2 protein chains.
Amino acid sequence: METARLSERILEIFDDLTRAERLLADHFLENPDSLALHTAEEISRRAAVSKATTARFFKRLGFPSFKTAQRMARSGDASSDSGKRVFSAPVQHRSGRGDLADHLASDVQNLIRTFESIRSDELNAAALSLVRAEKLWVIGFGDNYPLAHFARAQLIKVKPDIRMIPLGGFSVPEEFASITPSDTVLALCIGRRSKTMRSILQTARLAGAHTVSLTDQASSGNPELADVTLRCRTHGLSYFDSLSAPVSVVTYLCMAVAKRIGQTAVDRLRYIDSIHTEWGDAG
Amino acid sequence: METARLSERILEIFDDLTRAERLLADHFLENPDSLALHTAEEISRRAAVSKATTARFFKRLGFPSFKTAQRMARSGDASSDSGKRVFSAPVQHRSGRGDLADHLASDVQNLIRTFESIRSDELNAAALSLVRAEKLWVIGFGDNYPLAHFARAQLIKVKPDIRMIPLGGFSVPEEFASITPSDTVLALCIGRRSKTMRSILQTARLAGAHTVSLTDQASSGNPELADVTLRCRTHGLSYFDSLSAPVSVVTYLCMAVAKRIGQTAVDRLRYIDSIHTEWGDAG
DNA sequence: ATTAAATGTATCAAAACTGAATTCGTTTTG
DNA sequence: CAAAACGAATTCAGTTTTGATACATTTAAT
């Protein structure tokens with residue numbers, strides 16, 4: 001995996017780079033395959049630096065020249081996908097920068113792929129649905145609970161009635177009974193599917209409420225359980241899935257909601273802030 | 001107040017800074033009060049740059065001069081400058097693809113910048129500390145609660161004794177009393193600082209426990225409150241901060257922990273998985 | 001094999017950066 | 001009040017960085 005080697009090397013000496021070189025560094029961190037795929041001229045153009053700078057950059061990185069660097073990048077099987085080794089005992093504590101660079105590259109890819117695949121009209125529809133809702137139900141079981149909590153924490157800052165399921169130790173049906181057709185359900189369904197979630201979504205639809213669900217890409221098995229389904233890429237390099245993309249999508253969603261609500265949301269934010277200040281929390 | 005403004009401004013133009021200026025930027029991000037407390041000469045000495053550079057730095061930041069900047073910092077007023085973006089009513093529903101692309105770009109930058117600035121040895125030290133801990137305390141108040149919950153959800157999959165603060169409605173001191181020198185505290189300190197968190201960290205250090213904290217870049221008002229401090233870039237485009245980078249860092253940290261624990265962690269993961277399957281949850 | 005096109009590399013002058021020394025203004029002290 | 005002391009701004013010269021251009025090398029086509 002040659003691209004990792006490059007990212008690793010870049011992260012290592014990042015602090016010593018000059019400004020134009022940093023542009024290059026960022027370009028390669030965002031597009032790890034760029035070195036293998038494009039010419040020096042093309043790379044220079046994309047990173048908005050001169051060819052000379054690109055040439056110098058690889059010398060500073062320790063390569064004899066740009067060409068050798070590119071050859072090395074191409075010779076290494078840079079297909080970068082290198083299968084899931086979730087359970088292939090990682091004996092090597094060899095640690096360090098390589099892992100970090102890999103992880104970064106992976107999460108950047110997760111973000112990019114996710115937003116590439118999400119259609120903006122669907123997102124807007126989702127946001128609109130959340131805005132219009134009288135009550136908003138945020139639902140997340142198991143590993144989705146933190147994500148649900150996070151979404152609610154954002155939304156409650158701009159909208160008054162956000163309910164969370166599950167809540168404390170309370171029984172779900174009792175809580176969920178108050179759902180109405182003017183409500184919207186935001187369902188977080190990343191990773192392991194839970195039966196309860198399925199039941200809740202069915203109940204919600206039956207009750208005539210709107211439903212928005214956030215899933216990972218693997219979950220396409222049960223389509224159309226929600227009015228709007230947003231798929232996130234959650235590919236992780238080893239034991240755990242990555243939640244960067246879902247978090248980013250949720251953040252965007254909340255921002256879009258706040259934006260649509262407009263001044264009321266701003267006022268509410270300000271009010272909350274003033275309460276915090278009054279209570280002596282640091283701003 | 002003002003220090004936050006300064007840090008914000010610095011982060012805004014961080015990419016365009018030269019190397020010596022970056023030394024200054026780092027100094028101010030780590031010591032936000034430095035501007036108010038020290039003379040330009042002293043600051044220059046501490047940041048290891050020339051006085052001229054310091055003078056120029058504040059001009060580049062948009063202040064008329066160093067002196068003005070210092071006066072503003074000391075008065076704490078400084079509302080004259082660019083108002084906080086958070087409240088600058090974004091009336092335009094530009095709604096199109098642009099917002100999405102901006103958001104994506106911003107979060108990708110957050111990720112990259114975060115991993116650029118985090119030292120891998122610090123991360124490894126943090127992971128090691130988490131691995132060695134007899135009990136692990138994950139702490140997150142307010143907006144950090146979902147993040148803490150998320151961290152715990154990962155860690156509990158590979159390690160048996162992970163405690164969370166705050167928990168249910170239980171009183172913190174009663175819970176926290178069982179901390180010992182062989183424990184480690186993972187403190188999530190993104191965004192608004194809470195007094196309780198500070199107290200907890202102090203108590204933890206007094207008790208001889210190890211401490212790892214995850215903060216945003218602007219927050220290092222009290223440096224060295226933890227043994228290891230990991231700074232994340234959380235810059236958001238409008239109302240809300242972005243948590244993509246912190247989530248990514250936490251995920252990496254947990255992965256590193258799992259890796260170091262090794263086979264035991266794998267076994268535990270498998271066992272948990274088998275229980276899930278047995279209970280009929282979909283995989 | 002030869003040539004033309006494309007692409008990487010080296011050179012050099014312009015621009016930007018930096019710190020030491022100097023100048024200017026303010027405050028303190030005798 | 002003078003002058004000394006201090007600190008901030010400016011100037012200036014040396015250094016580094018940068019991109020345009022010229023040059024060399026590879027590649028492709030005939």
# chains A, B, ... in the order shown; residues from 1 in each chain; ligands from 1
>>> interface_residues(of="chain D", to="chain A", cutoff="10 Å", atoms="only C-alpha atoms (C1' of nucleotides)", output="JSON, numbers by chain")
{"D": [16, 17, 18, 19, 20]}
>>> write_last_selection(atoms="N, CA and C atoms (P, O5', C5', C4', C3', O3' and C1' of nucleotides)", output="PDB file, in the first residue's frame")
ATOM      1  P    DT D  16      18.807  30.226   3.941  1.00  0.00           P
ATOM      2  O5'  DT D  16      17.282  30.228   3.464  1.00  0.00           O
ATOM      3  C5'  DT D  16      16.274  30.553   4.416  1.00  0.00           C
ATOM      4  C4'  DT D  16      14.937  30.608   3.719  1.00  0.00           C
ATOM      5  C3'  DT D  16      14.598  29.379   2.885  1.00  0.00           C
ATOM      6  O3'  DT D  16      13.325  28.936   3.303  1.00  0.00           O
ATOM      7  C1'  DT D  16      14.258  31.367   1.624  1.00  0.00           C
ATOM      8  P    DT D  17      12.667  27.623   2.736  1.00  0.00           P
ATOM      9  O5'  DT D  17      11.682  28.236   1.648  1.00  0.00           O
ATOM     10  C5'  DT D  17      10.782  29.231   2.063  1.00  0.00           C
ATOM     11  C4'  DT D  17      10.038  29.791   0.877  1.00  0.00           C
ATOM     12  C3'  DT D  17       9.437  28.751  -0.067  1.00  0.00           C
ATOM     13  O3'  DT D  17       8.093  29.109  -0.266  1.00  0.00           O
ATOM     14  C1'  DT D  17      10.639  30.352  -1.295  1.00  0.00           C
ATOM     15  P    DT D  18       7.081  28.096  -0.946  1.00  0.00           P
ATOM     16  O5'  DT D  18       7.000  28.675  -2.412  1.00  0.00           O
ATOM     17  C5'  DT D  18       6.638  30.037  -2.590  1.00  0.00           C
ATOM     18  C4'  DT D  18       6.808  30.440  -4.028  1.00  0.00           C
ATOM     19  C3'  DT D  18       6.342  29.397  -5.035  1.00  0.00           C
ATOM     20  O3'  DT D  18       5.234  29.923  -5.729  1.00  0.00           O
ATOM     21  C1'  DT D  18       8.443  30.373  -5.647  1.00  0.00           C
ATOM     22  P    DG D  19       4.281  28.980  -6.573  1.00  0.00           P
ATOM     23  O5'  DG D  19       4.557  29.522  -8.046  1.00  0.00           O
ATOM     24  C5'  DG D  19       4.487  30.917  -8.270  1.00  0.00           C
ATOM     25  C4'  DG D  19       5.197  31.285  -9.546  1.00  0.00           C
ATOM     26  C3'  DG D  19       4.779  30.491 -10.781  1.00  0.00           C
ATOM     27  O3'  DG D  19       4.794  31.381 -11.885  1.00  0.00           O
ATOM     28  C1'  DG D  19       7.086  30.251 -10.474  1.00  0.00           C
ATOM     29  P    DA D  20       3.878  31.092 -13.130  1.00  0.00           P
ATOM     30  O5'  DA D  20       4.876  31.531 -14.303  1.00  0.00           O
ATOM     31  C5'  DA D  20       5.501  32.805 -14.223  1.00  0.00           C
ATOM     32  C4'  DA D  20       6.735  32.841 -15.100  1.00  0.00           C
ATOM     33  C3'  DA D  20       6.565  32.223 -16.485  1.00  0.00           C
ATOM     34  O3'  DA D  20       7.115  33.107 -17.449  1.00  0.00           O
ATOM     35  C1'  DA D  20       8.374  31.187 -15.348  1.00  0.00           C
TER      36       DA D  20
END
>>> residues_around(residues="Ser34 in chain B", least_positions_apart="4", cutoff="12 Å", atoms="only C-alpha atoms (C1' of nucleotides)", output="count of residues only")
28
>>> select_by_dssp(residues="range 17-183 of chain A", states="helix (DSSP H, G or I)", output="VMD selection string")
chain A and resid 19 to 30 34 to 37 40 to 47 51 to 60 66 to 75 97 to 117 120 to 132 142 to 155 172 to 176
>>> residues_around(residues="DA21 in chain C", least_positions_apart="2", cutoff="10 Å", atoms="only C-alpha atoms (C1' of nucleotides)", output="PDB file with all heavy atoms, in the first residue's frame")
ATOM      1  P    DG C  19      12.483  34.943  12.635  1.00  0.00           P
ATOM      2  OP1  DG C  19      12.732  33.623  13.231  1.00  0.00           O
ATOM      3  OP2  DG C  19      11.247  35.671  12.928  1.00  0.00           O
ATOM      4  O5'  DG C  19      13.722  35.885  12.979  1.00  0.00           O
ATOM      5  C5'  DG C  19      14.991  35.509  12.497  1.00  0.00           C
ATOM      6  C4'  DG C  19      15.964  36.675  12.616  1.00  0.00           C
ATOM      7  O4'  DG C  19      15.574  37.725  11.698  1.00  0.00           O
ATOM      8  C3'  DG C  19      16.017  37.338  13.998  1.00  0.00           C
ATOM      9  O3'  DG C  19      17.360  37.748  14.199  1.00  0.00           O
ATOM     10  C2'  DG C  19      15.099  38.550  13.822  1.00  0.00           C
ATOM     11  C1'  DG C  19      15.437  38.945  12.394  1.00  0.00           C
ATOM     12  N9   DG C  19      14.416  39.703  11.689  1.00  0.00           N
ATOM     13  C8   DG C  19      13.053  39.566  11.773  1.00  0.00           C
ATOM     14  N7   DG C  19      12.393  40.372  10.984  1.00  0.00           N
ATOM     15  C5   DG C  19      13.388  41.082  10.329  1.00  0.00           C
ATOM     16  C6   DG C  19      13.283  42.097   9.349  1.00  0.00           C
ATOM     17  O6   DG C  19      12.278  42.574   8.851  1.00  0.00           O
ATOM     18  N1   DG C  19      14.535  42.567   8.934  1.00  0.00           N
ATOM     19  C2   DG C  19      15.737  42.083   9.422  1.00  0.00           C
ATOM     20  N2   DG C  19      16.832  42.636   8.916  1.00  0.00           N
ATOM     21  N3   DG C  19      15.851  41.125  10.338  1.00  0.00           N
ATOM     22  C4   DG C  19      14.634  40.683  10.745  1.00  0.00           C
ATOM     23  P    DT C  23      18.726  55.401  13.857  1.00  0.00           P
ATOM     24  OP1  DT C  23      19.290  56.334  12.858  1.00  0.00           O
ATOM     25  OP2  DT C  23      19.265  55.363  15.239  1.00  0.00           O
ATOM     26  O5'  DT C  23      17.160  55.644  13.937  1.00  0.00           O
ATOM     27  C5'  DT C  23      16.331  55.329  12.809  1.00  0.00           C
ATOM     28  C4'  DT C  23      14.877  55.442  13.221  1.00  0.00           C
ATOM     29  O4'  DT C  23      14.527  54.357  14.113  1.00  0.00           O
ATOM     30  C3'  DT C  23      14.523  56.731  13.967  1.00  0.00           C
ATOM     31  O3'  DT C  23      13.340  57.256  13.394  1.00  0.00           O
ATOM     32  C2'  DT C  23      14.338  56.278  15.411  1.00  0.00           C
ATOM     33  C1'  DT C  23      13.809  54.866  15.217  1.00  0.00           C
ATOM     34  N1   DT C  23      14.014  53.918  16.340  1.00  0.00           N
ATOM     35  C2   DT C  23      12.937  53.216  16.813  1.00  0.00           C
ATOM     36  O2   DT C  23      11.817  53.332  16.361  1.00  0.00           O
ATOM     37  N3   DT C  23      13.240  52.350  17.839  1.00  0.00           N
ATOM     38  C4   DT C  23      14.475  52.132  18.435  1.00  0.00           C
ATOM     39  O4   DT C  23      14.607  51.339  19.346  1.00  0.00           O
ATOM     40  C5   DT C  23      15.547  52.904  17.892  1.00  0.00           C
ATOM     41  C7   DT C  23      16.920  52.758  18.457  1.00  0.00           C
ATOM     42  C6   DT C  23      15.279  53.750  16.879  1.00  0.00           C
TER      43       DT C  23
ATOM     44  P    DT D  11       9.194  52.334   7.286  1.00  0.00           P
ATOM     45  OP1  DT D  11       8.998  53.644   6.647  1.00  0.00           O
ATOM     46  OP2  DT D  11       8.432  51.169   6.841  1.00  0.00           O
ATOM     47  O5'  DT D  11      10.751  51.991   7.206  1.00  0.00           O
ATOM     48  C5'  DT D  11      11.634  52.579   8.143  1.00  0.00           C
ATOM     49  C4'  DT D  11      13.032  51.999   7.995  1.00  0.00           C
ATOM     50  O4'  DT D  11      13.197  50.828   8.835  1.00  0.00           O
ATOM     51  C3'  DT D  11      13.394  51.565   6.578  1.00  0.00           C
ATOM     52  O3'  DT D  11      14.731  51.979   6.328  1.00  0.00           O
ATOM     53  C2'  DT D  11      13.257  50.053   6.631  1.00  0.00           C
ATOM     54  C1'  DT D  11      13.699  49.764   8.059  1.00  0.00           C
ATOM     55  N1   DT D  11      13.165  48.514   8.687  1.00  0.00           N
ATOM     56  C2   DT D  11      14.040  47.702   9.377  1.00  0.00           C
ATOM     57  O2   DT D  11      15.225  47.934   9.488  1.00  0.00           O
ATOM     58  N3   DT D  11      13.445  46.609   9.952  1.00  0.00           N
ATOM     59  C4   DT D  11      12.104  46.248   9.897  1.00  0.00           C
ATOM     60  O4   DT D  11      11.712  45.241  10.459  1.00  0.00           O
ATOM     61  C5   DT D  11      11.258  47.138   9.147  1.00  0.00           C
ATOM     62  C7   DT D  11       9.803  46.851   9.016  1.00  0.00           C
ATOM     63  C6   DT D  11      11.813  48.220   8.583  1.00  0.00           C
ATOM     64  P    DC D  12      15.331  51.938   4.889  1.00  0.00           P
ATOM     65  OP1  DC D  12      16.153  53.153   4.732  1.00  0.00           O
ATOM     66  OP2  DC D  12      14.261  51.629   3.923  1.00  0.00           O
ATOM     67  O5'  DC D  12      16.318  50.693   4.977  1.00  0.00           O
ATOM     68  C5'  DC D  12      17.191  50.582   6.092  1.00  0.00           C
ATOM     69  C4'  DC D  12      17.865  49.226   6.075  1.00  0.00           C
ATOM     70  O4'  DC D  12      17.001  48.250   6.693  1.00  0.00           O
ATOM     71  C3'  DC D  12      18.165  48.706   4.665  1.00  0.00           C
ATOM     72  O3'  DC D  12      19.440  48.093   4.673  1.00  0.00           O
ATOM     73  C2'  DC D  12      17.056  47.675   4.440  1.00  0.00           C
ATOM     74  C1'  DC D  12      16.913  47.120   5.849  1.00  0.00           C
ATOM     75  N1   DC D  12      15.620  46.448   6.138  1.00  0.00           N
ATOM     76  C2   DC D  12      15.603  45.326   6.974  1.00  0.00           C
ATOM     77  O2   DC D  12      16.669  44.909   7.443  1.00  0.00           O
ATOM     78  N3   DC D  12      14.427  44.727   7.236  1.00  0.00           N
ATOM     79  C4   DC D  12      13.299  45.200   6.710  1.00  0.00           C
ATOM     80  N4   DC D  12      12.156  44.592   7.001  1.00  0.00           N
ATOM     81  C5   DC D  12      13.294  46.351   5.862  1.00  0.00           C
ATOM     82  C6   DC D  12      14.458  46.928   5.608  1.00  0.00           C
TER      83       DC D  12
END
>>> interface_residues(of="chain B", to="chain A", cutoff="8 Å", atoms="only C-alpha atoms", output="JSON, numbers by chain")
{"B": [1, 15, 16, 17, 18, 19, 87, 89, 90, 91, 93, 95, 96, 97, 100, 101, 103, 104, 107, 108, 111, 112, 115, 116, 120, 121, 124, 143, 146, 147, 149, 150, 153, 154, 168, 192, 193, 194, 195, 238, 239, 240, 242, 243, 244, 245, 247, 248, 251, 252, 255, 258, 259, 260, 262, 263, 266, 281, 282, 283]}
>>> interface_residues(of="chain C", to="chain B", cutoff="10 Å", atoms="only C-alpha atoms (C1' of nucleotides)", output="compact mmCIF listing (two decimals) with N, CA and C atoms (P, O5', C5', C4', C3', O3' and C1' of nucleotides), in the first residue's frame")
# COMPACT_ATOMS: atom_id res chain seq x y z
P DA C 16 4.95 39.33 -3.11
O5' DA C 16 5.53 38.40 -1.95
C5' DA C 16 5.47 37.00 -2.12
C4' DA C 16 6.13 36.33 -0.93
C3' DA C 16 5.71 36.92 0.42
O3' DA C 16 5.43 35.84 1.27
C1' DA C 16 8.07 36.92 0.22
P DC C 17 4.90 36.04 2.70
O5' DC C 17 6.21 35.78 3.57
C5' DC C 17 6.96 34.60 3.31
C4' DC C 17 8.19 34.57 4.18
C3' DC C 17 7.97 35.01 5.63
O3' DC C 17 8.42 33.96 6.46
C1' DC C 17 9.88 36.09 4.68
P DT C 18 8.18 34.01 8.02
O5' DT C 18 9.52 34.64 8.55
C5' DT C 18 10.75 33.95 8.30
C4' DT C 18 11.90 34.78 8.80
C3' DT C 18 11.70 35.36 10.19
O3' DT C 18 12.64 34.75 11.06
C1' DT C 18 12.65 36.95 8.67
P DG C 19 12.48 34.94 12.64
O5' DG C 19 13.72 35.88 12.98
C5' DG C 19 14.99 35.51 12.50
C4' DG C 19 15.96 36.67 12.62
C3' DG C 19 16.02 37.34 14.00
O3' DG C 19 17.36 37.75 14.20
C1' DG C 19 15.44 38.94 12.39
P DA C 20 17.90 38.04 15.63
O5' DA C 20 18.82 39.31 15.35
C5' DA C 20 19.76 39.26 14.28
C4' DA C 20 20.25 40.66 13.96
C3' DA C 20 20.54 41.53 15.18
O3' DA C 20 21.75 42.24 14.95
C1' DA C 20 18.88 42.57 13.83
>>> atom_distance(atom1="CA of Phe66 in chain A", atom2="C1' of DA24 in chain D")
15.1 Å
>>> decode(residues="chain D", atoms="C-alpha atoms (C1' of nucleotides)", output="short mmCIF file (atom, residue, chain, number, x, y, z; two decimals), in the first residue's frame")
data_model
loop_
_atom_site.label_atom_id
_atom_site.label_comp_id
_atom_site.auth_asym_id
_atom_site.auth_seq_id
_atom_site.Cartn_x
_atom_site.Cartn_y
_atom_site.Cartn_z
"C1'" DC D 1 11.40 69.16 33.61
"C1'" DA D 2 14.86 66.29 31.73
"C1'" DA D 3 16.55 62.13 30.71
"C1'" DA D 4 16.63 57.47 31.12
"C1'" DA D 5 14.33 53.21 30.38
"C1'" DC D 6 11.27 50.61 28.14
"C1'" DG D 7 8.57 48.74 24.52
"C1'" DA D 8 6.51 48.90 19.91
"C1'" DA D 9 6.97 49.95 15.07
"C1'" DT D 10 9.88 50.40 11.01
"C1'" DT D 11 13.70 49.76 8.06
"C1'" DC D 12 16.91 47.12 5.85
"C1'" DA D 13 19.77 43.43 4.42
"C1'" DG D 14 20.25 38.59 4.10
"C1'" DT D 15 17.78 34.33 3.29
"C1'" DT D 16 14.26 31.37 1.62
"C1'" DT D 17 10.64 30.35 -1.30
"C1'" DT D 18 8.44 30.37 -5.65
"C1'" DG D 19 7.09 30.25 -10.47
"C1'" DA D 20 8.37 31.19 -15.35
"C1'" DT D 21 11.26 29.64 -18.57
"C1'" DA D 22 14.66 27.04 -20.75
"C1'" DC D 23 16.49 22.54 -21.23
"C1'" DA D 24 16.63 17.43 -21.21
"C1'" DT D 25 14.49 13.28 -21.41
"C1'" DT D 26 11.05 10.07 -22.44
"C1'" DT D 27 7.24 8.42 -25.34
"C1'" DA D 28 4.48 7.58 -29.62
"C1'" DA D 29 3.77 7.56 -34.18
"C1'" DT D 30 5.14 7.06 -38.64
#
